[in-house]
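Student: This is upload.txt, which holds compact mmCIF, C-alpha atoms:
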# COMPACT_ATOMS: atom_id res chain seq x y z
CA MET O 28 -108.30 0.20 -114.20
CA PRO O 29 -108.05 1.27 -110.56
CA GLU O 30 -107.78 5.05 -110.34
CA LEU O 31 -106.58 7.30 -107.54
CA PRO O 32 -109.38 6.50 -105.03
CA GLU O 33 -109.02 2.75 -105.53
CA VAL O 34 -105.23 2.85 -105.20
CA GLU O 35 -105.53 5.09 -102.13
CA THR O 36 -108.03 2.63 -100.63
CA VAL O 37 -105.54 -0.20 -101.18
CA ARG O 38 -102.72 1.91 -99.70
CA ARG O 39 -104.69 2.57 -96.54
CA GLY O 40 -105.62 -1.08 -96.22
CA LEU O 41 -102.01 -2.21 -96.64
CA GLU O 42 -100.76 0.31 -94.12
CA GLN O 43 -103.35 -0.76 -91.57
CA LYS O 44 -103.01 -4.51 -92.06
CA LEU O 45 -99.28 -4.97 -92.52
CA ASN O 46 -98.10 -3.93 -89.09
CA ASN O 47 -94.53 -5.17 -88.56
CA PHE O 48 -94.72 -7.36 -91.68
CA ILE O 49 -91.17 -8.58 -92.40
CA ILE O 50 -90.77 -10.42 -95.70
CA LYS O 51 -89.26 -13.84 -95.01
CA LYS O 52 -90.21 -15.59 -98.21
CA VAL O 53 -91.18 -14.51 -101.73
CA GLU O 54 -92.82 -16.79 -104.25
CA ILE O 55 -93.10 -15.62 -107.86
CA CYS O 56 -95.87 -17.39 -109.73
CA ARG O 57 -95.57 -15.31 -112.90
CA ASP O 58 -92.18 -13.91 -113.94
CA SER O 59 -93.61 -11.18 -116.21
CA THR O 60 -95.12 -9.40 -113.18
CA ILE O 61 -91.59 -8.43 -112.13
CA ALA O 62 -90.59 -5.31 -114.06
CA PHE O 63 -87.31 -4.67 -112.22
CA PRO O 64 -84.79 -6.15 -111.59
CA LYS O 65 -85.16 -8.45 -114.60
CA ASN O 66 -83.49 -11.25 -112.67
CA LYS O 67 -86.24 -12.59 -110.39
CA GLU O 68 -83.70 -14.04 -107.97
CA GLU O 69 -82.31 -10.55 -107.45
CA PHE O 70 -85.86 -9.29 -106.82
CA ILE O 71 -86.41 -11.99 -104.18
CA LYS O 72 -83.00 -11.51 -102.53
CA GLY O 73 -83.52 -7.75 -102.38
CA LEU O 74 -86.83 -8.11 -100.52
CA LEU O 75 -85.89 -10.79 -97.99
CA ASN O 76 -85.67 -9.57 -94.39
CA SER O 77 -87.33 -6.30 -95.36
CA LEU O 78 -89.79 -4.63 -93.03
CA ILE O 79 -92.59 -2.98 -95.02
CA TYR O 80 -92.23 0.25 -93.11
CA LYS O 81 -94.57 2.68 -94.82
CA TRP O 82 -96.90 2.78 -97.83
CA ASP O 83 -97.14 5.85 -100.06
CA ARG O 84 -99.06 6.56 -103.25
CA ARG O 85 -98.05 8.62 -106.29
CA GLY O 86 -100.75 8.79 -108.95
CA LYS O 87 -101.75 5.16 -109.48
CA TYR O 88 -98.48 3.76 -108.11
CA LEU O 89 -98.16 2.16 -104.67
CA ILE O 90 -94.75 2.72 -103.09
CA ALA O 91 -93.61 0.74 -100.03
CA GLN O 92 -90.62 2.04 -98.09
CA LEU O 93 -88.52 -0.89 -96.95
CA LYS O 94 -86.27 -1.27 -93.91
CA GLU O 95 -83.64 -4.00 -93.69
CA VAL O 96 -83.89 -5.88 -90.39
CA GLN O 97 -81.80 -8.59 -88.80
CA ASN O 98 -83.61 -8.74 -85.45
CA ASP O 99 -87.29 -9.76 -85.62
CA ASN O 100 -88.07 -8.39 -82.17
CA ALA O 101 -90.69 -5.71 -82.87
CA GLN O 102 -89.40 -3.23 -80.28
CA PHE O 103 -85.97 -3.18 -81.92
CA LEU O 104 -87.10 -3.09 -85.55
CA LEU O 105 -86.57 0.59 -86.25
CA GLU O 106 -83.48 0.98 -84.10
CA ASN O 107 -81.65 -1.84 -85.90
CA SER O 108 -82.93 -1.20 -89.41
CA LYS O 109 -81.64 0.71 -92.39
CA ASN O 110 -83.14 1.74 -95.70
CA ASN O 111 -83.58 -1.19 -98.09
CA GLY O 112 -85.06 0.63 -101.04
CA PHE O 113 -88.64 0.50 -102.31
CA LEU O 114 -91.23 -1.99 -103.51
CA VAL O 115 -93.31 -0.25 -106.18
CA VAL O 116 -96.58 -1.66 -107.52
CA HIS O 117 -98.87 -0.66 -110.38
CA LEU O 118 -102.15 -2.60 -110.28
CA ARG O 119 -103.06 -1.81 -113.93
CA MET O 120 -106.50 -3.15 -114.88
CA THR O 121 -107.20 -6.13 -112.62
CA GLY O 122 -104.49 -6.36 -109.97
CA TYR O 123 -105.32 -6.46 -106.26
CA PHE O 124 -103.86 -7.63 -102.94
CA LYS O 125 -105.28 -10.07 -100.45
CA PHE O 126 -104.02 -10.61 -96.90
CA ILE O 127 -104.27 -14.25 -95.80
CA GLU O 128 -103.62 -15.31 -92.20
CA ASN O 129 -104.17 -19.03 -92.69
CA ALA O 130 -102.13 -20.56 -95.50
CA SER O 131 -104.22 -21.68 -98.46
CA HIS O 132 -103.58 -22.92 -101.97
CA PRO O 133 -103.19 -19.97 -104.40
CA CYS O 134 -105.75 -19.46 -107.13
CA GLN O 135 -104.71 -19.65 -110.79
CA HIS O 136 -104.45 -15.85 -111.04
CA THR O 137 -101.99 -15.48 -108.14
CA ARG O 138 -98.83 -13.73 -109.41
CA ILE O 139 -96.68 -12.93 -106.34
CA ARG O 140 -96.78 -14.20 -102.74
CA PHE O 141 -95.06 -12.55 -99.77
CA PHE O 142 -94.82 -14.37 -96.41
CA ASP O 143 -93.75 -13.29 -92.94
CA LYS O 144 -92.26 -15.50 -90.20
CA ASN O 145 -95.76 -16.55 -89.03
CA ASN O 146 -96.66 -17.64 -92.57
CA ASN O 147 -99.11 -14.77 -92.97
CA GLU O 148 -99.37 -14.06 -96.68
CA LEU O 149 -99.73 -10.91 -98.75
CA ARG O 150 -100.96 -12.27 -102.06
CA TYR O 151 -101.00 -10.33 -105.32
CA ILE O 152 -103.72 -11.51 -107.72
CA ASP O 153 -104.09 -10.26 -111.28
CA VAL O 154 -106.51 -11.87 -113.75
CA ARG O 155 -105.25 -10.08 -116.87
CA SER O 156 -101.64 -9.92 -115.68
CA PHE O 157 -100.91 -6.34 -116.72
CA GLY O 158 -99.83 -5.29 -113.22
CA GLN O 159 -96.14 -4.81 -112.44
CA MET O 160 -93.76 -4.69 -109.48
CA TRP O 161 -90.35 -3.14 -109.03
CA TRP O 162 -87.79 -3.55 -106.27
CA ILE O 163 -85.66 -0.40 -106.42
CA ASN O 164 -82.37 -0.45 -104.52
CA LYS O 165 -81.83 2.52 -102.20
CA ASP O 166 -78.96 3.72 -104.41
CA LEU O 167 -81.15 3.95 -107.52
CA SER O 168 -83.66 6.62 -108.58
CA LEU O 169 -87.33 5.58 -108.71
CA ASN O 170 -88.09 8.19 -111.36
CA LYS O 171 -85.27 7.02 -113.62
CA ILE O 172 -86.14 3.33 -113.36
CA ILE O 173 -89.90 3.82 -113.68
CA LYS O 174 -90.40 6.34 -116.49
CA GLY O 175 -94.14 6.67 -115.89
CA LEU O 176 -93.54 7.62 -112.28
CA GLY O 177 -91.05 10.33 -113.16
CA SER O 178 -93.35 12.01 -115.69
CA LEU O 179 -96.43 12.34 -113.46
CA GLY O 180 -98.15 15.69 -113.05
CA PRO O 181 -99.19 17.11 -109.65
CA GLU O 182 -101.49 15.22 -107.29
CA PRO O 183 -105.11 16.51 -107.29
CA PHE O 184 -104.86 17.16 -103.53
CA SER O 185 -101.60 19.09 -103.72
CA LYS O 186 -101.22 22.87 -103.53
CA ASP O 187 -99.66 22.80 -107.01
CA PHE O 188 -102.95 21.68 -108.55
CA ASP O 189 -105.23 24.70 -108.84
CA ALA O 190 -107.09 26.76 -111.42
CA ASN O 191 -103.97 28.81 -112.24
CA TYR O 192 -102.01 25.64 -112.99
CA LEU O 193 -104.83 24.26 -115.15
CA LYS O 194 -105.14 27.53 -117.06
CA LYS O 195 -101.41 27.52 -117.74
CA VAL O 196 -101.19 23.95 -119.03
CA ILE O 197 -104.33 24.07 -121.21
CA SER O 198 -104.15 27.62 -122.56
CA LYS O 199 -103.04 26.49 -126.02
CA ARG O 200 -104.38 22.95 -126.04
CA THR O 201 -106.87 22.00 -128.73
CA LYS O 202 -107.45 18.57 -127.20
CA SER O 203 -110.73 17.91 -125.45
CA ILE O 204 -110.83 18.62 -121.73
CA LYS O 205 -111.63 14.94 -121.16
CA ALA O 206 -108.39 13.93 -122.90
CA ILE O 207 -106.49 16.48 -120.80
CA LEU O 208 -107.81 15.03 -117.55
CA LEU O 209 -106.73 11.54 -118.62
CA ASP O 210 -103.18 12.74 -119.31
CA GLN O 211 -101.14 11.59 -116.30
CA THR O 212 -98.40 14.12 -117.09
CA ILE O 213 -100.91 16.92 -116.42
CA VAL O 214 -102.64 15.54 -113.33
CA ALA O 215 -101.82 12.26 -111.59
CA GLY O 216 -104.35 9.56 -110.78
CA ILE O 217 -107.49 10.58 -112.67
CA GLY O 218 -108.91 7.97 -115.05
CA ASN O 219 -112.08 7.48 -117.03
CA ILE O 220 -114.57 7.25 -114.16
CA TYR O 221 -113.51 10.35 -112.27
CA ALA O 222 -112.90 12.44 -115.38
CA ASP O 223 -116.53 11.84 -116.43
CA GLU O 224 -117.91 12.45 -112.95
CA SER O 225 -115.84 15.60 -112.37
CA LEU O 226 -116.82 17.16 -115.69
CA TYR O 227 -120.48 16.43 -114.98
CA SER O 228 -120.22 18.00 -111.53
CA ALA O 229 -118.54 21.08 -113.01
CA GLY O 230 -121.12 21.35 -115.83
CA ILE O 231 -118.44 21.16 -118.54
CA SER O 232 -118.86 19.16 -121.74
CA PRO O 233 -116.11 16.55 -122.13
CA PHE O 234 -115.83 17.54 -125.81
CA ARG O 235 -114.88 21.16 -125.17
CA GLU O 236 -111.47 22.21 -126.44
CA ALA O 237 -109.37 22.68 -123.34
CA ARG O 238 -108.25 26.16 -124.35
CA THR O 239 -111.87 27.42 -124.47
CA ILE O 240 -112.52 26.78 -120.77
CA LYS O 241 -112.60 29.95 -118.71
CA LYS O 242 -110.91 30.56 -115.36
CA ASN O 243 -114.14 30.45 -113.34
CA GLU O 244 -114.98 27.09 -114.95
CA LEU O 245 -111.53 25.76 -114.09
CA ILE O 246 -112.00 26.79 -110.46
CA LYS O 247 -115.22 24.78 -110.38
CA LEU O 248 -113.60 21.84 -112.19
CA LYS O 249 -110.72 21.71 -109.72
CA GLU O 250 -113.15 21.77 -106.80
CA SER O 251 -115.28 19.04 -108.42
CA ILE O 252 -112.25 16.80 -108.95
CA VAL O 253 -111.14 17.09 -105.33
CA THR O 254 -114.66 16.65 -103.91
CA ILE O 255 -115.46 13.59 -106.02
CA LEU O 256 -112.12 11.90 -105.38
CA LYS O 257 -112.50 12.41 -101.62
CA LYS O 258 -116.07 11.11 -101.73
CA SER O 259 -114.95 8.01 -103.61
CA ILE O 260 -112.07 7.35 -101.23
CA GLY O 261 -114.59 7.54 -98.38
CA SER O 262 -116.68 4.90 -100.17
CA GLY O 263 -113.74 2.57 -100.77
CA GLY O 264 -113.39 3.38 -104.47
CA THR O 265 -115.45 2.16 -107.40
CA THR O 266 -116.05 -1.40 -108.53
CA PHE O 267 -117.50 -2.20 -111.94
CA SER O 268 -115.48 -5.36 -112.60
CA ASP O 269 -112.36 -6.58 -110.80
CA PHE O 270 -111.38 -4.06 -108.15
CA ARG O 271 -111.19 -5.39 -104.59
CA ASP O 272 -109.74 -3.88 -101.45
CA LEU O 273 -107.43 -5.81 -99.10
CA GLU O 274 -110.39 -7.54 -97.45
CA GLY O 275 -111.76 -8.63 -100.84
CA GLU O 276 -114.61 -6.09 -100.72
CA ASN O 277 -116.00 -4.13 -103.67
CA GLY O 278 -115.86 -0.33 -103.73
CA ASN O 279 -119.24 1.38 -103.26
CA PHE O 280 -118.84 4.61 -105.23
CA GLY O 281 -120.18 2.92 -108.37
CA LEU O 282 -123.61 3.03 -106.78
CA GLN O 283 -123.38 6.84 -106.61
CA THR O 284 -122.11 7.78 -110.09
CA ASN O 285 -124.10 10.42 -111.96
CA VAL O 286 -123.03 9.64 -115.53
CA TYR O 287 -120.44 6.86 -115.67
CA ARG O 288 -122.04 3.61 -116.89
CA ARG O 289 -125.49 5.23 -116.82
CA THR O 290 -126.01 5.42 -120.59
CA GLY O 291 -129.69 5.82 -121.46
CA LYS O 292 -130.70 6.54 -117.86
CA GLU O 293 -132.19 9.82 -116.70
CA CYS O 294 -129.87 12.57 -115.49
CA ARG O 295 -130.31 13.00 -111.75
CA LYS O 296 -130.50 16.78 -112.21
CA CYS O 297 -132.56 17.44 -115.34
CA GLY O 298 -134.10 14.12 -116.38
CA ASN O 299 -132.40 14.18 -119.79
CA LEU O 300 -130.92 10.85 -120.92
CA ILE O 301 -127.23 10.23 -120.31
CA GLU O 302 -125.27 9.67 -123.52
CA ARG O 303 -122.06 7.85 -124.32
CA GLN O 304 -119.41 8.38 -126.98
CA LYS O 305 -115.71 7.58 -127.27
CA ILE O 306 -113.00 10.18 -126.79
CA THR O 307 -109.40 9.10 -127.44
CA GLY O 308 -110.61 5.51 -127.38
CA ARG O 309 -112.30 5.79 -123.99
CA SER O 310 -116.05 5.58 -123.40
CA THR O 311 -117.27 8.97 -122.23
CA HIS O 312 -120.56 9.53 -120.40
CA TRP O 313 -122.24 12.93 -120.13
CA CYS O 314 -125.52 14.84 -119.97
CA PRO O 315 -125.90 17.07 -123.08
CA LYS O 316 -128.22 19.42 -121.21
CA CYS O 317 -126.25 19.93 -117.98
CA GLN O 318 -122.80 20.01 -119.55
CA LYS O 319 -121.92 22.84 -121.94
So, in terms of structure tokens, how does the structure I just supplied come out?
Tutor:
Amino acid sequence: MPELPEVETVRRGLEQKLNNFIIKKVEICRDSTIAFPKNKEEFIKGLLNSLIYKWDRRGKYLIAQLKEVQNDNAQFLLENSKNNGFLVVHLRMTGYFKFIENASHPCQHTRIRFFDKNNNELRYIDVRSFGQMWWINKDLSLNKIIKGLGSLGPEPFSKDFDANYLKKVISKRTKSIKAILLDQTIVAGIGNIYADESLYSAGISPFREARTIKKNELIKLKESIVTILKKSIGSGGTTFSDFRDLEGENGNFGLQTNVYRRTGKECRKCGNLIERQKITGRSTHWCPKCQK
């Protein structure tokens, strides 16, 4: 599943590519991709004549701010536009966007197609079809409609996410620190890859009970999380299976991982073999010597 760096990479690509993209046509190839409104015609009607004004990210959610426009003249777009709600996207495991300037026949995994007046297409492709989209009217609350969005913990790059916060939320937790990092209500956007890599960088065993981790270790863990996420964003995310950016390119961070998917290979620090075991149903990779 795309994690924070992959979703941020997609957000940046969408923001750069979709300059003055006004939705003139929407084609739904798979109804189940639409999470809200349930009526797909209402979803389409709500998006028509919407300028995709700005892309934001919250955890693993992409959030497009929409402006309603009646005049397609670019220089008057903002002056003559008003808020038209939000288009929210969760890519789940295999969802990705592709921007297509010359119309082409959609592949079998195409789920949603957005077109502008020049027939440029923003195509949403999802092999396993777990991804979802919401059009949220400006009068409705995103957090109430999308329960997962409303329950998210702080962003790893925010001032609210620090060692003091971590100490507070894990002080009585008997769960493993790996399970804590995967809990989106505690910290938003971290998934399996970056939990493993951050714990390795911080020298903390993924099996440790969260409450046993000391303040100085939490300071190092917080720093490791931020450093690794930024490094991955700079590399365009991680690709081990289906992730693609807007240009259809793989992420390169997978080439740099220290433990994730390196089972049986030598640790880059100590030469010990990397091991793998499941925690809360997720494959966990670690070095028994470097992580205590």
Student: With a distance cut-off of 8 Å and all atoms listed in the file, select the neighbouring residues of range 50-64 of chain O, excluding the residue or stretch itself and same-chain residues fewer than 4 positions from it, and output the selection as a list in words.
Tutor: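 Near range 50-64 of chain O, the qualifying residues are Glu69, Phe70, Ile71, Leu74, Leu75, Asn76, Ser77, Leu78, Ile79, Thr137, Arg138, Ile139, Arg140, Phe141, Phe142, Asp143, Lys144, Ser156, Phe157, Gly158, Gln159, Met160, Trp161, Trp162 and Ile163 of chain O.
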Student: One decimal, Å: what's the distance from CA of Asn164 in chain O over to CA of Leu93 in chain O, could you say?
Tutor: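 It comes out at 9.8 Å.
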Student: I need the residue nearest Phe124 in chain O from this list: O:Val96, O:Lys81, O:Lys202, O:Glu33. Use all atoms listed in the file for the distance.
Tutor: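 Closest to Phe124 in chain O, using all atoms listed in the file: O:Glu33.
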Student: Looking at only C-alpha atoms, which of O:Thr290, O:Ser108, O:Ser251, O:Asn145 is the one that sits closest to Ser225 in chain O?
Tutor: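 Smallest separation from Ser225 in chain O among the options: O:Ser251.
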Student: Skip Glu244 in chain O itself and residues of its chain fewer than 6 positions away, then list as a PyMOL selection string all residues within 9 Å of it, counting only C-alpha atoms.
Tutor: chain O and resi 190+229-231
Student: Pick out the closest residue to Cys134 in chain O from this set: O:Arg119, O:Lys94, O:Arg150, O:Arg309. Count all atoms listed in the file.
Tutor: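 Checking each candidate against Cys134 in chain O, we get O:Arg150 as the closest.
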Student: Name the closest residue to Leu45 in chain O among the candidates O:Ala130, O:Val253, O:Leu118, O:Leu149; distances are taken between atoms, counting only C-alpha atoms.
Tutor: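 Ranked by minimum distance to Leu45 in chain O, first place goes to O:Leu149.
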Student: I'd like the interatomic distance between CA of Thr307 in chain O and CA of Ala222 in chain O, to a tenth of an Å.
Tutor: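 For CA of Thr307 in chain O relative to CA of Ala222 in chain O, the distance reads 13.0 Å.
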Student: To one decimal place, how far is CA of Lys257 in chain O from CA of Leu31 in chain O in Å?
Tutor: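 Computing it gives 9.8 Å between the two atoms.
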Student: Excluding Gly218 in chain O and residues on its chain fewer than 6 positions from it, collect all residues at most 8 Å away from it, counting all atoms listed in the file, and give them as a PyMOL selection string.
Tutor: chain O and resi 28+30-31+208-209
Student: Could you write out the selected residues, including C-alpha atoms, as a compact mmCIF listing (two decimals), keeping the file's coordinate frame?
Tutor:
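The resulting file, result14.txt, is reproduced below:
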# COMPACT_ATOMS: atom_id res chain seq x y z
CA MET O 28 -108.30 0.20 -114.20
CA GLU O 30 -107.78 5.05 -110.34
CA LEU O 31 -106.58 7.30 -107.54
CA LEU O 208 -107.81 15.03 -117.55
CA LEU O 209 -106.73 11.54 -118.62
Student: Find the residue from O:Arg85, O:Arg235, O:Lys65, O:Arg38 that sits nearest to Gly177 in chain O; use all atoms listed in the file when measuring.
Tutor: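 Checking each of O:Arg85, O:Arg235, O:Lys65, O:Arg38 against Gly177 in chain O, counting all atoms listed in the file, the winner is O:Arg85.
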Student: Given only C-alpha atoms as the basis, pick out the residue of O:Lys194, O:Lys174, O:Arg303, O:Arg39 nearest to Asp223 in chain O.
Tutor: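 Of O:Lys194, O:Lys174, O:Arg303, O:Arg39, the one nearest Asp223 in chain O, counting only C-alpha atoms, is O:Arg303.
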Student: Within 12 Å of Lys319 in chain O, counting only C-alpha atoms, which residues qualify if same-chain residues fewer than 3 places away don't, as an mmCIF file with C-alpha atoms, in the frame of the given file?
Tutor:
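Wrote out_21.cif, looks like this:
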data_model
loop_
_atom_site.group_PDB
_atom_site.id
_atom_site.type_symbol
_atom_site.label_atom_id
_atom_site.label_comp_id
_atom_site.auth_asym_id
_atom_site.auth_seq_id
_atom_site.Cartn_x
_atom_site.Cartn_y
_atom_site.Cartn_z
ATOM 1 C CA ILE O 204 -110.830 18.620 -121.730
ATOM 2 C CA LEU O 226 -116.820 17.160 -115.690
ATOM 3 C CA TYR O 227 -120.480 16.430 -114.980
ATOM 4 C CA SER O 228 -120.220 18.000 -111.530
ATOM 5 C CA ALA O 229 -118.540 21.080 -113.010
ATOM 6 C CA GLY O 230 -121.120 21.350 -115.830
ATOM 7 C CA ILE O 231 -118.440 21.160 -118.540
ATOM 8 C CA SER O 232 -118.860 19.160 -121.740
ATOM 9 C CA PRO O 233 -116.110 16.550 -122.130
ATOM 10 C CA PHE O 234 -115.830 17.540 -125.810
ATOM 11 C CA ARG O 235 -114.880 21.160 -125.170
ATOM 12 C CA GLU O 236 -111.470 22.210 -126.440
ATOM 13 C CA THR O 239 -111.870 27.420 -124.470
ATOM 14 C CA ILE O 240 -112.520 26.780 -120.770
ATOM 15 C CA GLU O 244 -114.980 27.090 -114.950
ATOM 16 C CA TRP O 313 -122.240 12.930 -120.130
ATOM 17 C CA CYS O 314 -125.520 14.840 -119.970
ATOM 18 C CA PRO O 315 -125.900 17.070 -123.080
ATOM 19 C CA LYS O 316 -128.220 19.420 -121.210
#
